[in-house]
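*Asks:* Next up is a structure, given as structure tokens.
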Amino acid sequence: MSSRDPIRDTILALRPNAIGEISRTGLGNPDVIPLWFGETDLVTPEFIRNAAKKALDDGQTFYSFPGGTPKLRAAIQAWTMRWYGKAPEIDRIWVPGAAMLCVVTSLQCCVETGDEVIVVGPMWPNIGQACQAIGGKPVYVRLEDEGDRWRLDLGKVEAAITARTKAIFIGSPGNPTGWVISDEEIKEVLDLCRRKGVAIIADEVYSVMFYGAKRAPSFIDHATEDDNVFIVNSFSKAWAMTGWRIGWVITPKRLSSAMAQLSVSNNTGTTVFAQAGAVAALEHGDEFIAEMVQRCAAGRVQMQDFVGATNRVSWVPPQGAFYAYLRIDGLTDSLRLSKNLVKTAGVGVAPGAAFACGDGRDESYLRLCFAQDPERLKTALGRLADALNA
């Protein structure tokens with residue numbers, strides 16, 4: 001037998017992220033209040049579920065368009081026009097599967113083995129792992145914590161660009177920080193990337209979960225169809241559809257043919273009856289989005305009260321999304337504390353170590369999802385306060 005191992009060392013070196021490590025210690029335990037994942041405790045609205053059920057009953061169970069059904073892509077176009085005032089051409093809108101698959105497909109368009117992707121962090125850990133899995137190298141540029149806000153230092157971004165840099169990944173509103181890029185910063189990033197020949201992958205899955213206006217600033221507002229910009233969105237967050245695994249990406253116009261082939265290669269197409277539910281979400285879900293934002297805004301107030309009443313805890317109030325990224329005074333091992341909180345306090349949180357930028361600073365943080373029932377969140381925060389003050 002040959003001693004040669006065909007499996008890539010990078011794949012063998014991949015490890016489960018720390019959020020999964022924590023959730024496995026208490027998932028399914030009714031005594032644990034789970035705030036570790038990025039999801040609300042609401043089920044998907046009935047009108048969305050009914051649309052998918054009807055599609056099943058109508059026999060929509062066959063192969064379909066690999067980049068998304070024409071009806072869904074048209075609904076995304078109409079929804080984008082309603083929320084952003086712009087309607088990207090249909091052949092720039094792709095629904096290859098979950099939003100994470102949209103990210104991977106975008107990376108595949110840009111990154112070859114040994115190339116670098118600048119990731120503005122702290123960032124959801126799957127992004128760095130996706131870069132590594134396709135042969136790229138994530139290079140982290142950390143947001144600056146200025147006490148009352150997070151700030152992007154564009155000078156640090158530019159300094160991180162090398163001859164191997166192919167893309168910059170920006171999540172706004174951000175996970176875990178809740179940071180939101182401004183219109184002026186979007187223009188500056190676009191200008192930089194145009195000059196340097198670098199693509200932008202913009203994760204905007206929380207774009208309508210914003211506490212300052214109808215929705216957050218977007219690369220849709222400023223990028224042209226010829227810019228090397230990929231704008232990713234998802235049904236998971238705003239419509240409470242995390243288990244449906246469906247999202248979309250708006251791509252540069254010249255990639256229309258290539259995206260069709262990538263969709264076939266990666267997934268053969270998104271689940272057909274799930275797409276019927278997604279159409280219903282887009283066409284009839286604006287009221288639910290408003291309710292969701294209101295629910296999260298109330299949770300944000302609860303978090304602010306908790307921070308104010310707990311001596312060891314501080315935070316930068318999030319501008320968008322539904323996370324509290326809490327800095328715990330004296331904490332040096334976020335993974336260990338998170339495990340202890342599951343076992344002794346019955347609260348599941350995400351350790352800051354999961355979002356690490358490689359500088360060790362996130363070890364003093366915990367992330368909580370506050371898109372929860374107010375009474376359940378109150379109970380969880382009470383348990384957390386008792387544990388931190390013990």
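Residue numbers start at 1 in each chain; chains themselves are named A, B, ... in the order of the structure tokens; ligands are numbered from 1 in the order shown.
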Can you list every residue in region 16-146 of chain A that DSSP puts in strand (DSSP E or B), as a ChimeraX atom specification?

*Replies:* /A:33-34,93-97,116-121,137-142,144-145

*Asks:* Show me a table, sorted first by chain and then by increasing residue number, of the residues of region 98-207 of chain A having an atom at most 12 Å from region 56-76 of chain A, each with its shortest atom pair and the distance in Å to one decimal, counting only C-alpha atoms and written as CSV.

*Replies:*
```
residue,atom,partner,partner_atom,distance
A:Ala98,CA,A:Gly68,CA,11.6
A:Leu101,CA,A:Gly67,CA,11.9
A:Cys102,CA,A:Gly67,CA,10.7
A:Thr105,CA,A:Gly67,CA,11.7
```

*Asks:* Deliver the residues from the most recent selection as a file, using C-alpha atoms, as a PDB file, in the first residue's frame.

*Replies:*
```pdb
ATOM      1  CA  ALA A  98     -27.658  28.503   1.925  1.00  0.00           C
ATOM      2  CA  LEU A 101     -22.777  28.355   0.084  1.00  0.00           C
ATOM      3  CA  CYS A 102     -23.138  31.799  -1.493  1.00  0.00           C
ATOM      4  CA  THR A 105     -19.157  30.213  -4.283  1.00  0.00           C
TER       5      THR A 105
END
```

*Asks:* Smallest atom-to-atom distance to Met100 (chain A): which of A:Gly247, A:Gly330, A:Gly26, A:Gly285, using only C-alpha atoms?

*Replies:* A:Gly247

*Asks:* Excluding region 107-113 of chain A and residues on its chain fewer than 3 positions from it, collect all residues at most 10 Å away from it, counting only C-alpha atoms, and give them as number ranges by chain.

*Replies:* A: 101-104, 116-117, 127, 130-137, 164-167, 169, 198-201, 228, 230, 255, 258-259, 262

*Asks:* Rounded to one decimal place, report the CA of Ala213 (chain A)-CA of Ile181 (chain A) distance in Å.

*Replies:*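 Distance between the two atoms: 13.5 Å.
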
*Asks:* Under the rule that only C-alpha atoms are counted, which of A:Ile7, A:Val229, A:Val264, A:Ile170 is the nearest residue to Trp124 (chain A)?

*Replies:*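 For Trp124 (chain A), the nearest of the given residues is A:Ile170.
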
*Asks:* Of the candidates A:Glu184, A:Arg194, A:Pro173, A:Ile231, which shows the shortest atom-to-atom distance to Gly212 (chain A), using only C-alpha atoms?

*Replies:*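 Closest to Gly212 (chain A), using only C-alpha atoms: A:Pro173.
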
*Asks:* Quick one: distance from CA of Gly178 (chain A) to CA of Tyr84 (chain A) in Å, one decimal?

*Replies:*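 Distance between the two atoms: 20.3 Å.
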
*Asks:* Where does region 210-312 of chain A meet region 29-44 of chain A within 7 Å, residue by residue, with the nearest atom pair and distance in Å to one decimal for each, counting only C-alpha atoms, listed by chain and rising number, as a Markdown table?

*Replies:*
```
| residue | atom | partner | partner_atom | distance |
| --- | --- | --- | --- | --- |
| A:Lys237 | CA | A:Glu39 | CA | 6.5 |
| A:Trp239 | CA | A:Thr44 | CA | 6.7 |
| A:Ala240 | CA | A:Thr44 | CA | 5.0 |
| A:Met241 | CA | A:Thr44 | CA | 5.6 |
| A:Thr242 | CA | A:Glu39 | CA | 6.8 |
```

*Asks:* Got a sec: who's within 9 Å of Arg245 (chain A), counting only C-alpha atoms, leaving out chain neighbours fewer than 6 positions off, as an MDAnalysis selection string?

*Replies:* chainID A and resid 97:100 234:236 270:271 274

*Asks:* Could you take the residues named above and write them with C-alpha atoms, as a compact mmCIF listing (two decimals), in the first residue's frame?

*Replies:*
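result.txt, freshly written:
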```txt
# COMPACT_ATOMS: atom_id res chain seq x y z
CA GLY A 97 -28.32 27.17 -1.57
CA ALA A 98 -27.66 28.50 1.92
CA ALA A 99 -26.00 31.90 2.37
CA MET A 100 -22.83 30.08 3.47
CA SER A 234 -30.14 35.20 3.61
CA PHE A 235 -33.63 34.20 4.64
CA SER A 236 -32.31 32.82 7.94
CA THR A 270 -31.74 24.85 -3.85
CA THR A 271 -34.59 22.71 -2.44
CA ALA A 274 -38.18 25.77 0.18
```

*Asks:* If you count only C-alpha atoms, which residues fall within 9 Å of Arg49 (chain A), apart from same-chain ones fewer than 3 positions away, as an NGL selection string?

*Replies:* :A and (44-46 or 52-54 or 274 or 277 or 280)

*Asks:* Since we have the selection now, will you write its residues out, keeping C-alpha atoms, as a compact mmCIF listing (two decimals), in the first residue's frame?

*Replies:*
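Full text of part21.txt as output:
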```txt
# COMPACT_ATOMS: atom_id res chain seq x y z
CA THR A 44 -40.80 30.41 10.82
CA PRO A 45 -44.06 32.36 10.23
CA GLU A 46 -47.04 30.24 9.28
CA ALA A 52 -43.72 25.44 1.23
CA LYS A 53 -46.31 22.83 2.25
CA LYS A 54 -48.47 23.74 -0.73
CA ALA A 274 -38.18 25.77 0.18
CA GLY A 277 -41.59 29.52 1.06
CA ALA A 280 -43.83 34.10 0.27
```

*Asks:* Quick one: DSSP alpha helix (DSSP H) residues in region 153-205 of chain A, as an NGL selection string?

*Replies:* :A and (154-160 or 183-196)

*Asks:* Using only C-alpha atoms, which of A:Ala55, A:Met209, A:Val279, A:Ala13 sits nearest Ala321 (chain A)?

*Replies:*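 Using only C-alpha atoms, Ala321 (chain A) sits closest to A:Met209.
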
*Asks:* Give me, please, the distance in Å between CA of Ser172 (chain A) and CA of Thr332 (chain A), quoted to one decimal.

*Replies:*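 Going from CA of Ser172 (chain A) over to CA of Thr332 (chain A) covers 27.3 Å.
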
*Asks:* Which residue out of A:Arg383, A:Arg295, A:Arg195, A:Lys378 has the minimum interatomic distance to Val342 (chain A) when only C-alpha atoms are used?

*Replies:*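 Closest to Val342 (chain A), using only C-alpha atoms: A:Arg383.
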
*Asks:* Compile the contact shell of Leu377 (chain A) as a compact mmCIF listing (two decimals) with C-alpha atoms, in the first residue's frame: residues with an atom at most 10 Å away, counting only C-alpha atoms, same-chain residues fewer than 3 positions apart removed.

*Replies:*
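And here's result-v6.txt as it stands now:
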```txt
# COMPACT_ATOMS: atom_id res chain seq x y z
CA ILE A 33 -31.36 28.44 27.81
CA PRO A 34 -29.53 28.46 24.45
CA LEU A 35 -28.21 31.87 23.39
CA GLY A 299 -33.84 42.58 23.72
CA GLN A 302 -32.62 44.35 28.22
CA MET A 303 -28.96 43.79 27.41
CA LEU A 368 -25.19 36.28 23.35
CA CYS A 369 -28.09 36.30 20.91
CA PHE A 370 -30.83 38.54 22.32
CA ALA A 371 -33.52 37.84 19.68
CA GLN A 372 -35.46 36.00 22.37
CA ASP A 373 -38.70 35.98 24.31
CA PRO A 374 -38.31 38.77 26.92
CA ALA A 380 -30.94 33.81 31.21
CA LEU A 381 -29.43 37.17 32.12
CA GLY A 382 -30.30 36.66 35.77
CA ARG A 383 -28.47 33.34 35.76
```

*Asks:* Measuring atom to atom with only C-alpha atoms, identify which of A:Ala324, A:Ala350, A:Leu192, A:Val208 is nearest to Glu291 (chain A).

*Replies:*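 Looking at the shortest contact to Glu291 (chain A), the residue is A:Val208.
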
*Asks:* Which residues, written as a VMD selection string, have at least one atom at most 12 Å from Leu152 (chain A), with only C-alpha atoms counted and residues fewer than 4 positions away on the same chain left out?

*Replies:* chain A and resid 119 to 122 141 to 146 156 to 158 170 to 172 174 179 to 182 184 to 186 188 to 189

*Asks:* Please dump the current selection as a CSV table (one decimal), in the first residue's frame; keep N, CA and C atoms.

*Replies:*
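Wrote again-v9.csv, looks like this:
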```csv
chain,number,residue,atom,x,y,z
A,119,VAL,N,-10.1,39.5,6.1
A,119,VAL,CA,-11.4,39.4,6.8
A,119,VAL,C,-11.5,40.4,7.9
A,120,VAL,N,-12.4,41.3,7.8
A,120,VAL,CA,-12.6,42.3,8.9
A,120,VAL,C,-13.3,41.6,10.1
A,121,GLY,N,-12.6,41.6,11.2
A,121,GLY,CA,-13.1,40.9,12.4
A,121,GLY,C,-13.2,41.8,13.6
A,122,PRO,N,-13.7,41.2,14.7
A,122,PRO,CA,-14.0,39.8,14.9
A,122,PRO,C,-15.1,39.4,13.9
A,141,VAL,N,-8.1,41.7,9.9
A,141,VAL,CA,-7.9,43.1,10.2
A,141,VAL,C,-9.0,43.4,11.3
A,142,ARG,N,-8.6,43.8,12.5
A,142,ARG,CA,-9.5,43.9,13.6
A,142,ARG,C,-10.2,45.3,13.6
A,143,LEU,N,-11.5,45.3,13.8
A,143,LEU,CA,-12.1,46.6,14.1
A,143,LEU,C,-11.6,47.2,15.4
A,144,GLU,N,-11.6,48.5,15.5
A,144,GLU,CA,-11.1,49.1,16.7
A,144,GLU,C,-12.2,49.4,17.7
A,145,ASP,N,-12.1,48.9,18.9
A,145,ASP,CA,-13.1,49.1,20.0
A,145,ASP,C,-12.8,50.5,20.6
A,146,GLU,N,-13.6,51.5,20.4
A,146,GLU,CA,-13.4,52.8,20.9
A,146,GLU,C,-14.3,53.1,22.1
A,156,LYS,N,-5.3,50.2,8.0
A,156,LYS,CA,-4.8,48.9,8.3
A,156,LYS,C,-5.3,47.9,7.2
A,157,VAL,N,-6.4,48.1,6.7
A,157,VAL,CA,-6.9,47.3,5.6
A,157,VAL,C,-5.9,47.4,4.4
A,158,GLU,N,-5.6,48.6,4.0
A,158,GLU,CA,-4.7,48.8,2.9
A,158,GLU,C,-3.3,48.2,3.1
A,170,ILE,N,-16.3,41.5,4.3
A,170,ILE,CA,-16.9,42.5,5.3
A,170,ILE,C,-18.3,42.0,5.6
A,171,GLY,N,-18.6,41.9,6.9
A,171,GLY,CA,-19.9,41.6,7.4
A,171,GLY,C,-20.5,42.8,8.1
A,172,SER,N,-21.6,43.3,7.5
A,172,SER,CA,-22.2,44.5,8.1
A,172,SER,C,-23.7,44.4,7.8
A,174,GLY,N,-22.5,43.5,11.6
A,174,GLY,CA,-21.5,42.4,11.9
A,174,GLY,C,-21.9,41.4,13.0
A,179,TRP,N,-21.4,45.9,14.6
A,179,TRP,CA,-20.9,47.0,13.9
A,179,TRP,C,-21.6,47.2,12.5
A,180,VAL,N,-21.8,48.4,12.1
A,180,VAL,CA,-22.4,48.7,10.8
A,180,VAL,C,-21.5,49.7,10.0
A,181,ILE,N,-21.1,49.3,8.8
A,181,ILE,CA,-20.2,50.1,8.0
A,181,ILE,C,-21.1,51.3,7.5
A,182,SER,N,-20.4,52.5,7.4
A,182,SER,CA,-21.1,53.7,7.0
A,182,SER,C,-21.1,53.8,5.5
A,184,GLU,N,-19.9,56.3,3.9
A,184,GLU,CA,-18.6,56.9,3.5
A,184,GLU,C,-17.6,55.8,3.5
A,185,GLU,N,-17.6,54.9,4.5
A,185,GLU,CA,-16.7,53.8,4.5
A,185,GLU,C,-16.9,52.9,3.3
A,186,ILE,N,-18.1,52.6,2.9
A,186,ILE,CA,-18.4,51.8,1.8
A,186,ILE,C,-17.7,52.4,0.5
A,188,GLU,N,-15.1,54.4,0.5
A,188,GLU,CA,-13.7,54.3,0.6
A,188,GLU,C,-13.2,52.9,0.3
A,189,VAL,N,-13.9,51.9,0.8
A,189,VAL,CA,-13.5,50.5,0.5
A,189,VAL,C,-13.6,50.2,-1.0
```
